[in-house]
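Report on the structure given below.
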Amino acid sequence: MNGQTAIKREPRLLPTRGAGRWLCTPVSGPAVLIELTGLLLIVLIYAAGQGAYAIGLAELPHLFLASLGVVGSVASGSAAELVFFNIRLPRLLLGLVAGAGLGLSGALMQGLFRNPLADPGLIGVSSGAALAAGITIVLGILWFPDLPRALGSWTLVLMAFAGGLGVTVWIYVLSQGEGGTRVGHMLLAGIAINALAGAGLGLLNFLATDEQLRNLQFWLLGSLGGARWSAVLLVSGITLMAAVVGMALARALNALALGEAQAALLGVSVERLKKSAIVVVALAVGAITATTGIIGFVGLVAPHMVRLIAGPDHRWLLPGSALLGAALVLLADAVARTALQPAELPLGVLTALVGVPFFLLLLRGSHGQRL
Amino acid sequence: MHYRLRGPEWRSALEHHSDASGAGWLQEIPVLESEDCRLGQTDAPPADQLVARCVCVQIGGASLLHGVDFSLAPGEVGAILGPNGAGKSTLLSVLAGLRAPTQGAVWLNGQALQPSNLAAFAAVRAVLPQHTQVAFDFRVRDVVALGRYPHRLNPSTDEAGIVEAAMALTNVLALAERSVSNLSGGERARVQLARVLAQIWTATTAPRWLLVDEPTAALDLHHQHQTLRTLRRWSRDSGVGVVAVLHDLNLALRYVDQVWVLDGGRLQAQGPPEQVLTPALVQRVWRVPVSAVPDADGVAQLLVGATP
């Protein structure tokens, strides 16, 4: 056997023109993660200074250390310190966690369904949360007048989380068959139930008063404005746990790309893989959506962009999607806060506006490569 | 309500009832019990062979396999032959553990093989089906490396070396950095073969097994012979038992130690290919007139169309 044959090297990505060239030099998996971490840090520092109360770059290290309790005390601090600790920092953390969770969930869904068009909303979490939020805003006062008093400011968050999980469980049960979870059925059931939830939201729009309508619409468009430390820490905890479990599925998802039968023959426990992925996505996206509303585009496109740069190996794709998703949401939120000061643009609008140019740049540079 | 009929009378009884009143008998599913199947059921299977006893596979009322016995020792190459629809792929999927037989059982290295315990054998048994698709744009090297998944918890000292060696064996090393979606059908088939070879590359205490369904289907003439020659040499050198579903009888005559000929779900003949693949059998099973022609190195080959 002629083992000395020269190996013809086909680089993963080689754009020949435009800004795509510096973004997409042929790199290996770990190098991509380092690049994306650098990008996230730059975006984080930029976003920390932006807002209705501008904070200069020079003040940031002191403020950050003060928040950690290393230098001075935040409670008695200056206005900058108060703004940073009580408003800016939880918002940054929520944006980081939301983007990372959505990016990771999108990559998990695309790996599970073996389809690059899958996004976290397929299993019904987003639409279930939206429907539950709609019911709470429009009908809550009529049907459960005591609920806001019992749950306080947590009413909407908890209802949305419960709604998201409930619809996911329903779709999961619908997709069970003799051989376990049928992924094709899950896809179709997800489409059907999402349509049903959309119809329900339409009905709620019809029944709502003007103020309720406005509240509901802004909830649906997504925002990081509701970032209280309690909620942020809870969402961060859930998303972190989900991320740890999700990243461990990377090699099994690689094997699943060969098909379920071949993966089973390679020793992958396919049913456990499906359940783990769905639970991770349901919990992470449910918690995030309950706190921020619906942030679209990130879960679908962040994995695509990382796949164009680093390839489909899930060991780099999963963490890369999380990093890029976080950077995308932080950047979009920075623009949302500053574009029309002091008003705040909805986040879900801006993730697409910010993300699409980068995505098109990458697409333009990846001629000949299948997604 | 089931029918329990013994021996060959079941077929005439079923036909009789079907003629009698069409739809009414469609509800009853005859349960077939062959008397031969009760022979040897109590013997313990050998601990180092791939053994299937009295396998029957029924889907609805159709019998895909009936009373098929199979046993292969490590280091041997076995081939399952037969016309289209004879049940070859069904038998291979039963031997792989992908399908549970309606009757009978399969033992691999002395342990019973079922769809529920497939993962336990992943390091010693590799299966390559006829068609495999790769969902995303992996490189050839990554696809072959996927075959090392069963060894992720105790990897060998040179994982990359094993992947390269497997690729060299099927002659795809030159394609290592290319995207698998840009390859031709034959190149993709060789990449998949390299993957299953990598899966059972490392020697273990138990014998290793390779089951391939039509490995030569998409390959050109050179690669057909090279693949089977490689499999036979690798089988002898490493002590791996190979079971292949083949269509080409001449390849079987040249490279295979034992053949099983299936027709209509039943085993028609079994043994060394030069003894089994006589012109009379080929005429009966494949309905093609052939004559046996010994070639330069003494291996009998079948020539189609010549009158015996």
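Chain labels follow the order of the structure tokens: the first chain is A, the next B, and so on; residue numbering restarts at 1 in every chain, and ligands are counted from 1 in their shown order.
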Distance cut-off 7 Å, counting only C-alpha atoms - which residues of chain B neighbour chain A? Return them as a PDB file with N, CA and C atoms, in the first residue's frame.
```
ATOM      1  N   LEU B 118     -26.534  -4.042  22.117  1.00  0.00           N
ATOM      2  CA  LEU B 118     -25.612  -3.782  21.018  1.00  0.00           C
ATOM      3  C   LEU B 118     -24.345  -3.096  21.491  1.00  0.00           C
ATOM      4  N   ALA B 119     -24.489  -2.152  22.430  1.00  0.00           N
ATOM      5  CA  ALA B 119     -23.352  -1.327  22.809  1.00  0.00           C
ATOM      6  C   ALA B 119     -22.244  -2.167  23.436  1.00  0.00           C
ATOM      7  N   ALA B 120     -22.611  -3.283  24.068  1.00  0.00           N
ATOM      8  CA  ALA B 120     -21.596  -4.083  24.750  1.00  0.00           C
ATOM      9  C   ALA B 120     -20.600  -4.681  23.776  1.00  0.00           C
ATOM     10  N   ALA B 122     -19.601  -3.245  20.916  1.00  0.00           N
ATOM     11  CA  ALA B 122     -19.132  -2.243  19.949  1.00  0.00           C
ATOM     12  C   ALA B 122     -17.627  -2.323  19.704  1.00  0.00           C
ATOM     13  N   THR B 132     -24.626   4.253   3.815  1.00  0.00           N
ATOM     14  CA  THR B 132     -24.409   5.075   5.015  1.00  0.00           C
ATOM     15  C   THR B 132     -24.274   6.512   4.577  1.00  0.00           C
ATOM     16  N   GLN B 133     -24.973   7.389   5.265  1.00  0.00           N
ATOM     17  CA  GLN B 133     -24.846   8.806   4.955  1.00  0.00           C
ATOM     18  C   GLN B 133     -24.197   9.535   6.110  1.00  0.00           C
ATOM     19  N   VAL B 134     -23.455  10.566   5.792  1.00  0.00           N
ATOM     20  CA  VAL B 134     -22.867  11.398   6.830  1.00  0.00           C
ATOM     21  C   VAL B 134     -23.586  12.737   6.806  1.00  0.00           C
ATOM     22  N   ALA B 135     -24.189  13.099   7.949  1.00  0.00           N
ATOM     23  CA  ALA B 135     -25.113  14.227   7.947  1.00  0.00           C
ATOM     24  C   ALA B 135     -24.434  15.565   7.688  1.00  0.00           C
ATOM     25  N   PHE B 136     -23.242  15.766   8.208  1.00  0.00           N
ATOM     26  CA  PHE B 136     -22.604  17.069   8.059  1.00  0.00           C
ATOM     27  C   PHE B 136     -21.308  16.924   7.278  1.00  0.00           C
ATOM     28  N   ASP B 137     -20.639  18.045   7.094  1.00  0.00           N
ATOM     29  CA  ASP B 137     -19.525  18.123   6.159  1.00  0.00           C
ATOM     30  C   ASP B 137     -18.216  17.716   6.818  1.00  0.00           C
ATOM     31  N   PHE B 138     -18.138  16.497   7.328  1.00  0.00           N
ATOM     32  CA  PHE B 138     -16.919  16.056   7.984  1.00  0.00           C
ATOM     33  C   PHE B 138     -15.821  15.786   6.970  1.00  0.00           C
ATOM     34  N   LEU B 146     -14.364   8.547  13.713  1.00  0.00           N
ATOM     35  CA  LEU B 146     -15.609   8.237  14.415  1.00  0.00           C
ATOM     36  C   LEU B 146     -15.675   6.761  14.781  1.00  0.00           C
ATOM     37  N   TYR B 149     -14.944   5.530  18.367  1.00  0.00           N
ATOM     38  CA  TYR B 149     -15.817   5.928  19.485  1.00  0.00           C
ATOM     39  C   TYR B 149     -15.895   4.870  20.586  1.00  0.00           C
ATOM     40  N   PRO B 150     -16.031   3.551  20.266  1.00  0.00           N
ATOM     41  CA  PRO B 150     -16.125   2.575  21.362  1.00  0.00           C
ATOM     42  C   PRO B 150     -14.887   2.552  22.246  1.00  0.00           C
ATOM     43  N   ALA B 168      -5.062   3.804   5.078  1.00  0.00           N
ATOM     44  CA  ALA B 168      -4.096   3.267   4.114  1.00  0.00           C
ATOM     45  C   ALA B 168      -4.558   1.910   3.596  1.00  0.00           C
ATOM     46  N   LEU B 169      -5.200   1.131   4.486  1.00  0.00           N
ATOM     47  CA  LEU B 169      -5.625  -0.218   4.092  1.00  0.00           C
ATOM     48  C   LEU B 169      -6.689  -0.187   2.994  1.00  0.00           C
ATOM     49  N   ALA B 174      -4.893   9.301   0.643  1.00  0.00           N
ATOM     50  CA  ALA B 174      -4.678  10.517  -0.148  1.00  0.00           C
ATOM     51  C   ALA B 174      -5.863  11.474  -0.042  1.00  0.00           C
ATOM     52  N   LEU B 175      -7.019  10.975   0.390  1.00  0.00           N
ATOM     53  CA  LEU B 175      -8.219  11.808   0.480  1.00  0.00           C
ATOM     54  C   LEU B 175      -8.455  12.313   1.893  1.00  0.00           C
ATOM     55  N   ALA B 176      -7.463  12.132   2.772  1.00  0.00           N
ATOM     56  CA  ALA B 176      -7.704  12.307   4.210  1.00  0.00           C
ATOM     57  C   ALA B 176      -8.250  13.674   4.583  1.00  0.00           C
ATOM     58  N   GLU B 177      -7.775  14.741   3.905  1.00  0.00           N
ATOM     59  CA  GLU B 177      -8.208  16.072   4.332  1.00  0.00           C
ATOM     60  C   GLU B 177      -9.404  16.563   3.530  1.00  0.00           C
ATOM     61  N   ARG B 178      -9.929  15.748   2.646  1.00  0.00           N
ATOM     62  CA  ARG B 178     -11.034  16.227   1.822  1.00  0.00           C
ATOM     63  C   ARG B 178     -12.360  16.038   2.528  1.00  0.00           C
TER      64      ARG B 178
END
```
(Q) Env of Leu201 (chain A): 12 Å cut, atoms = only C-alpha atoms, seq-sep filter 5 positions within chain, self excluded. Answer as a VMD selection string. (A) chain A and resid 127 to 139 194 to 196 206 to 208 213 216 to 217 220
Export, as an mmCIF file, in the first residue's frame, the selected residues with N, CA and C atoms.
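Below you can see out-v1.cif, which holds the result:
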```cif
data_model
loop_
_atom_site.group_PDB
_atom_site.id
_atom_site.type_symbol
_atom_site.label_atom_id
_atom_site.label_comp_id
_atom_site.auth_asym_id
_atom_site.auth_seq_id
_atom_site.Cartn_x
_atom_site.Cartn_y
_atom_site.Cartn_z
ATOM 1 N N SER A 127 -42.346 28.677 22.088
ATOM 2 C CA SER A 127 -43.754 28.975 21.862
ATOM 3 C C SER A 127 -44.574 28.675 23.107
ATOM 4 N N GLY A 128 -44.200 27.643 23.859
ATOM 5 C CA GLY A 128 -44.909 27.353 25.108
ATOM 6 C C GLY A 128 -44.728 28.467 26.112
ATOM 7 N N ALA A 129 -43.478 28.968 26.199
ATOM 8 C CA ALA A 129 -43.234 30.076 27.130
ATOM 9 C C ALA A 129 -44.008 31.305 26.694
ATOM 10 N N ALA A 130 -44.022 31.545 25.382
ATOM 11 C CA ALA A 130 -44.729 32.728 24.878
ATOM 12 C C ALA A 130 -46.218 32.628 25.172
ATOM 13 N N LEU A 131 -46.784 31.457 24.948
ATOM 14 C CA LEU A 131 -48.220 31.292 25.188
ATOM 15 C C LEU A 131 -48.543 31.471 26.664
ATOM 16 N N ALA A 132 -47.689 30.884 27.517
ATOM 17 C CA ALA A 132 -47.937 31.025 28.951
ATOM 18 C C ALA A 132 -47.795 32.483 29.389
ATOM 19 N N ALA A 133 -46.795 33.176 28.811
ATOM 20 C CA ALA A 133 -46.634 34.599 29.151
ATOM 21 C C ALA A 133 -47.845 35.387 28.696
ATOM 22 N N GLY A 134 -48.334 35.050 27.503
ATOM 23 C CA GLY A 134 -49.510 35.736 26.989
ATOM 24 C C GLY A 134 -50.727 35.523 27.870
ATOM 25 N N ILE A 135 -50.909 34.280 28.294
ATOM 26 C CA ILE A 135 -52.048 33.982 29.161
ATOM 27 C C ILE A 135 -51.924 34.741 30.474
ATOM 28 N N THR A 136 -50.696 34.816 31.004
ATOM 29 C CA THR A 136 -50.501 35.521 32.274
ATOM 30 C C THR A 136 -50.807 37.008 32.130
ATOM 31 N N ILE A 137 -50.300 37.592 31.037
ATOM 32 C CA ILE A 137 -50.473 39.039 30.872
ATOM 33 C C ILE A 137 -51.933 39.379 30.600
ATOM 34 N N VAL A 138 -52.569 38.610 29.731
ATOM 35 C CA VAL A 138 -53.912 38.998 29.283
ATOM 36 C C VAL A 138 -54.998 38.449 30.192
ATOM 37 N N LEU A 139 -54.905 37.185 30.534
ATOM 38 C CA LEU A 139 -55.995 36.542 31.253
ATOM 39 C C LEU A 139 -55.694 36.321 32.725
ATOM 40 N N ASN A 194 -46.251 24.396 17.609
ATOM 41 C CA ASN A 194 -45.848 25.803 17.490
ATOM 42 C C ASN A 194 -46.927 26.613 16.778
ATOM 43 N N ALA A 195 -47.506 26.009 15.742
ATOM 44 C CA ALA A 195 -48.573 26.711 15.030
ATOM 45 C C ALA A 195 -49.777 26.930 15.944
ATOM 46 N N LEU A 196 -50.063 25.923 16.761
ATOM 47 C CA LEU A 196 -51.185 26.035 17.690
ATOM 48 C C LEU A 196 -50.941 27.149 18.709
ATOM 49 N N PHE A 206 -56.105 39.412 20.295
ATOM 50 C CA PHE A 206 -57.454 39.886 19.990
ATOM 51 C C PHE A 206 -58.199 40.280 21.262
ATOM 52 N N LEU A 207 -57.975 39.495 22.350
ATOM 53 C CA LEU A 207 -58.734 39.723 23.579
ATOM 54 C C LEU A 207 -58.120 40.800 24.467
ATOM 55 N N ALA A 208 -56.865 41.199 24.152
ATOM 56 C CA ALA A 208 -56.141 42.036 25.108
ATOM 57 C C ALA A 208 -56.573 43.497 25.044
ATOM 58 N N LEU A 213 -51.702 44.469 25.400
ATOM 59 C CA LEU A 213 -51.162 44.157 24.084
ATOM 60 C C LEU A 213 -49.725 44.634 23.963
ATOM 61 N N LEU A 216 -47.441 42.492 26.032
ATOM 62 C CA LEU A 216 -47.223 41.179 25.417
ATOM 63 C C LEU A 216 -46.284 41.284 24.228
ATOM 64 N N GLN A 217 -46.503 42.268 23.377
ATOM 65 C CA GLN A 217 -45.654 42.403 22.192
ATOM 66 C C GLN A 217 -44.200 42.647 22.564
ATOM 67 N N LEU A 220 -42.637 39.536 23.736
ATOM 68 C CA LEU A 220 -42.329 38.624 22.641
ATOM 69 C C LEU A 220 -41.090 39.049 21.867
#
```
**Q.** Leu89 (chain A) surroundings by only C-alpha atoms, 12 Å radius, close-in-sequence under 3 positions cut, as a PyMOL selection string
**A.** chain A and resi 44-45+47-51+60+63-68+80-86+92-96+224-225+227-229+232-233+330
Q) Hey, what's within 12 Å of Glu274 (chain B) if we count only C-alpha atoms and toss same-chain stuff fewer than 6 positions away? As a VMD selection string, please? A) chain B and resid 249 to 259 281 to 282 292 to 294 298 to 302
Go ahead and write the residues just picked, N, CA and C atoms, as a CSV table (one decimal), in the first residue's frame.
```csv
chain,number,residue,atom,x,y,z
B,249,LEU,N,-20.4,-14.0,-7.6
B,249,LEU,CA,-20.0,-15.3,-7.2
B,249,LEU,C,-18.5,-15.6,-7.5
B,250,ASN,N,-17.9,-14.9,-8.5
B,250,ASN,CA,-16.5,-15.1,-8.7
B,250,ASN,C,-15.6,-14.6,-7.6
B,251,LEU,N,-16.0,-13.4,-7.1
B,251,LEU,CA,-15.3,-12.9,-5.9
B,251,LEU,C,-15.4,-13.9,-4.8
B,252,ALA,N,-16.6,-14.5,-4.6
B,252,ALA,CA,-16.7,-15.4,-3.5
B,252,ALA,C,-15.8,-16.7,-3.7
B,253,LEU,N,-15.8,-17.1,-5.0
B,253,LEU,CA,-14.9,-18.3,-5.2
B,253,LEU,C,-13.5,-18.0,-5.0
B,254,ARG,N,-13.1,-16.8,-5.2
B,254,ARG,CA,-11.6,-16.4,-5.1
B,254,ARG,C,-11.2,-16.1,-3.7
B,255,TYR,N,-12.0,-15.5,-2.9
B,255,TYR,CA,-11.5,-14.9,-1.7
B,255,TYR,C,-12.2,-15.4,-0.4
B,256,VAL,N,-13.2,-16.3,-0.5
B,256,VAL,CA,-14.0,-16.6,0.6
B,256,VAL,C,-13.8,-18.0,1.0
B,257,ASP,N,-13.9,-18.3,2.4
B,257,ASP,CA,-13.7,-19.6,2.9
B,257,ASP,C,-15.0,-20.5,3.0
B,258,GLN,N,-16.1,-19.8,3.4
B,258,GLN,CA,-17.3,-20.5,3.5
B,258,GLN,C,-18.4,-19.7,2.9
B,259,VAL,N,-19.4,-20.3,2.3
B,259,VAL,CA,-20.5,-19.6,1.7
B,259,VAL,C,-21.8,-20.1,2.3
B,281,LEU,N,-26.3,-25.8,-8.9
B,281,LEU,CA,-26.9,-25.0,-7.9
B,281,LEU,C,-27.1,-23.6,-8.4
B,282,VAL,N,-26.2,-23.1,-9.2
B,282,VAL,CA,-26.3,-21.7,-9.7
B,282,VAL,C,-27.5,-21.7,-10.6
B,292,ALA,N,-18.1,-23.9,-15.0
B,292,ALA,CA,-17.0,-23.6,-14.1
B,292,ALA,C,-15.7,-23.7,-15.0
B,293,VAL,N,-14.9,-22.6,-14.9
B,293,VAL,CA,-13.7,-22.6,-15.7
B,293,VAL,C,-12.5,-22.3,-14.7
B,294,PRO,N,-11.6,-23.3,-14.6
B,294,PRO,CA,-10.4,-23.0,-13.7
B,294,PRO,C,-9.5,-22.0,-14.4
B,298,GLY,N,-5.6,-21.9,-10.6
B,298,GLY,CA,-6.3,-23.1,-10.1
B,298,GLY,C,-7.6,-22.7,-9.5
B,299,VAL,N,-8.0,-21.5,-9.3
B,299,VAL,CA,-9.2,-21.1,-8.7
B,299,VAL,C,-10.3,-21.2,-9.7
B,300,ALA,N,-11.4,-21.9,-9.4
B,300,ALA,CA,-12.5,-22.1,-10.3
B,300,ALA,C,-13.3,-20.7,-10.4
B,301,GLN,N,-13.6,-20.3,-11.6
B,301,GLN,CA,-14.4,-19.2,-11.8
B,301,GLN,C,-15.6,-19.6,-12.7
B,302,LEU,N,-16.7,-18.8,-12.5
B,302,LEU,CA,-17.9,-19.2,-13.3
B,302,LEU,C,-18.1,-18.3,-14.5
```
Q: Enumerate the residues of region 158-316 of chain A with a DSSP assignment of strand (DSSP E), computed from the backbone, and present them as a ChimeraX atom specification.
A: /A:176-177,180-181
Store the residues picked out above in a file with N, CA and C atoms, as a CSV table (one decimal), in the first residue's frame.
```
chain,number,residue,atom,x,y,z
A,176,GLN,N,-43.1,9.7,21.0
A,176,GLN,CA,-42.6,8.4,21.5
A,176,GLN,C,-43.3,7.3,20.6
A,177,GLY,N,-42.5,6.3,20.3
A,177,GLY,CA,-43.0,5.2,19.5
A,177,GLY,C,-42.4,3.9,20.1
A,180,GLY,N,-38.6,4.0,20.7
A,180,GLY,CA,-38.1,5.1,21.5
A,180,GLY,C,-38.6,6.4,20.8
A,181,THR,N,-37.8,7.5,21.0
A,181,THR,CA,-38.2,8.8,20.5
A,181,THR,C,-37.9,8.8,19.0
```
Q: Please give the complete set of residues from region 99-184 of chain B that DSSP, run on the backbone, assigns to helix (DSSP H, G or I), formatted as a VMD selection string.
A: chain B and resid 115 to 117 119 to 121 140 to 146 149 to 151 159 to 169 173 to 175 180 to 182
Q. Leaving out region 187-194 of chain B and any residue of its chain fewer than 4 positions from it, which residues lie within 6 Å of it when counting only C-alpha atoms, given as a ChimeraX atom specification?
A. /B:166-167,170,183
Produce a file of the selected residues containing C-alpha atoms, as a PDB file, in the first residue's frame.
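Result file again_36.pdb:
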```pdb
ATOM      1  CA  ALA B 166      -7.103   2.026   8.434  1.00  0.00           C
ATOM      2  CA  MET B 167      -7.237   4.683   5.731  1.00  0.00           C
ATOM      3  CA  THR B 170      -8.591   0.907   1.992  1.00  0.00           C
ATOM      4  CA  LEU B 183     -16.258  12.275  -2.908  1.00  0.00           C
TER       5      LEU B 183
END
```
Report as a CSV table (one decimal) with N, CA and C atoms, in the first residue's frame all protein, DNA and RNA residues lying within 12 Å of Val288 (chain B), evaluated on only C-alpha atoms, omitting residues in the same chain fewer than 4 positions from it.
```
chain,number,residue,atom,x,y,z
B,83,PRO,N,-30.1,-14.6,-4.6
B,83,PRO,CA,-30.7,-13.7,-5.5
B,83,PRO,C,-31.3,-12.5,-4.7
B,249,LEU,N,-20.4,-14.0,-7.6
B,249,LEU,CA,-20.0,-15.3,-7.2
B,249,LEU,C,-18.5,-15.6,-7.5
B,278,THR,N,-21.8,-25.0,-7.6
B,278,THR,CA,-21.7,-25.8,-8.8
B,278,THR,C,-22.6,-25.2,-9.8
B,279,PRO,N,-22.4,-25.5,-11.1
B,279,PRO,CA,-23.3,-25.0,-12.1
B,279,PRO,C,-24.8,-25.4,-11.9
B,280,ALA,N,-25.0,-26.6,-11.3
B,280,ALA,CA,-26.3,-27.0,-11.1
B,280,ALA,C,-27.0,-26.2,-10.0
B,281,LEU,N,-26.3,-25.8,-8.9
B,281,LEU,CA,-26.9,-25.0,-7.9
B,281,LEU,C,-27.1,-23.6,-8.4
B,282,VAL,N,-26.2,-23.1,-9.2
B,282,VAL,CA,-26.3,-21.7,-9.7
B,282,VAL,C,-27.5,-21.7,-10.6
B,283,GLN,N,-27.7,-22.7,-11.4
B,283,GLN,CA,-28.9,-22.7,-12.3
B,283,GLN,C,-30.2,-22.8,-11.5
B,284,ARG,N,-30.2,-23.6,-10.4
B,284,ARG,CA,-31.4,-23.7,-9.7
B,284,ARG,C,-31.7,-22.4,-8.9
B,302,LEU,N,-16.7,-18.8,-12.5
B,302,LEU,CA,-17.9,-19.2,-13.3
B,302,LEU,C,-18.1,-18.3,-14.5
B,303,LEU,N,-18.3,-18.9,-15.6
B,303,LEU,CA,-18.5,-18.2,-16.8
B,303,LEU,C,-20.0,-18.3,-17.2
B,304,VAL,N,-20.6,-17.1,-17.4
B,304,VAL,CA,-22.1,-17.1,-17.6
B,304,VAL,C,-22.4,-17.4,-19.1
B,305,GLY,N,-23.4,-18.2,-19.3
B,305,GLY,CA,-23.9,-18.4,-20.6
B,305,GLY,C,-23.5,-19.6,-21.4
B,306,ALA,N,-22.3,-20.1,-21.0
B,306,ALA,CA,-21.8,-21.3,-21.7
B,306,ALA,C,-22.7,-22.5,-21.3
B,307,THR,N,-22.9,-23.3,-22.3
B,307,THR,CA,-23.7,-24.5,-21.9
B,307,THR,C,-22.9,-25.5,-21.2
B,308,PRO,N,-23.4,-26.1,-20.2
B,308,PRO,CA,-22.6,-27.1,-19.4
B,308,PRO,C,-22.3,-28.3,-20.2
```
Q) So how many Å separate CA of Gly299 (chain A) and CA of Tyr46 (chain A), to one decimal? A) 22.7 Å
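The two atoms in question, CA of Leu277 (chain B) and CA of Ser63 (chain B), are spaced 25.1 Å apart.
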Q) Leaving out Gln49 (chain B) and any residue of its chain fewer than 2 positions from it, which residues lie within 7 Å of it when counting only C-alpha atoms, given as a list in words? A)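 In the requested form, the answer reads Pro46, Ala47, Val51, Ser71, Leu72, Ala73, Pro74, Leu108 and Asn109 of chain B.
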Restricting the output to N, CA and C atoms, write the selected residues as a PDB file, in the first residue's frame.
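Printed below is part.pdb as written:
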```pdb
ATOM      1  N   PRO B  46     -20.272 -22.249  21.119  1.00  0.00           N
ATOM      2  CA  PRO B  46     -18.833 -22.101  21.357  1.00  0.00           C
ATOM      3  C   PRO B  46     -18.495 -20.662  21.725  1.00  0.00           C
ATOM      4  N   ALA B  47     -17.496 -20.489  22.597  1.00  0.00           N
ATOM      5  CA  ALA B  47     -17.236 -19.160  23.137  1.00  0.00           C
ATOM      6  C   ALA B  47     -16.455 -18.277  22.188  1.00  0.00           C
ATOM      7  N   VAL B  51     -22.384 -17.538  16.027  1.00  0.00           N
ATOM      8  CA  VAL B  51     -23.300 -18.648  15.787  1.00  0.00           C
ATOM      9  C   VAL B  51     -24.724 -18.135  15.763  1.00  0.00           C
ATOM     10  N   SER B  71     -22.644 -20.559  11.363  1.00  0.00           N
ATOM     11  CA  SER B  71     -21.571 -20.529  12.347  1.00  0.00           C
ATOM     12  C   SER B  71     -20.257 -20.256  11.635  1.00  0.00           C
ATOM     13  N   LEU B  72     -19.495 -19.335  12.188  1.00  0.00           N
ATOM     14  CA  LEU B  72     -18.242 -18.923  11.580  1.00  0.00           C
ATOM     15  C   LEU B  72     -17.182 -18.838  12.663  1.00  0.00           C
ATOM     16  N   ALA B  73     -15.967 -19.318  12.329  1.00  0.00           N
ATOM     17  CA  ALA B  73     -14.870 -19.235  13.280  1.00  0.00           C
ATOM     18  C   ALA B  73     -14.040 -17.991  12.994  1.00  0.00           C
ATOM     19  N   PRO B  74     -13.312 -17.473  13.989  1.00  0.00           N
ATOM     20  CA  PRO B  74     -12.486 -16.292  13.730  1.00  0.00           C
ATOM     21  C   PRO B  74     -11.371 -16.622  12.742  1.00  0.00           C
ATOM     22  N   LEU B 108     -22.612 -14.324  19.983  1.00  0.00           N
ATOM     23  CA  LEU B 108     -21.331 -13.765  19.560  1.00  0.00           C
ATOM     24  C   LEU B 108     -20.353 -13.950  20.706  1.00  0.00           C
ATOM     25  N   ASN B 109     -19.247 -14.684  20.435  1.00  0.00           N
ATOM     26  CA  ASN B 109     -18.276 -14.972  21.503  1.00  0.00           C
ATOM     27  C   ASN B 109     -18.940 -15.584  22.727  1.00  0.00           C
TER      28      ASN B 109
END
```
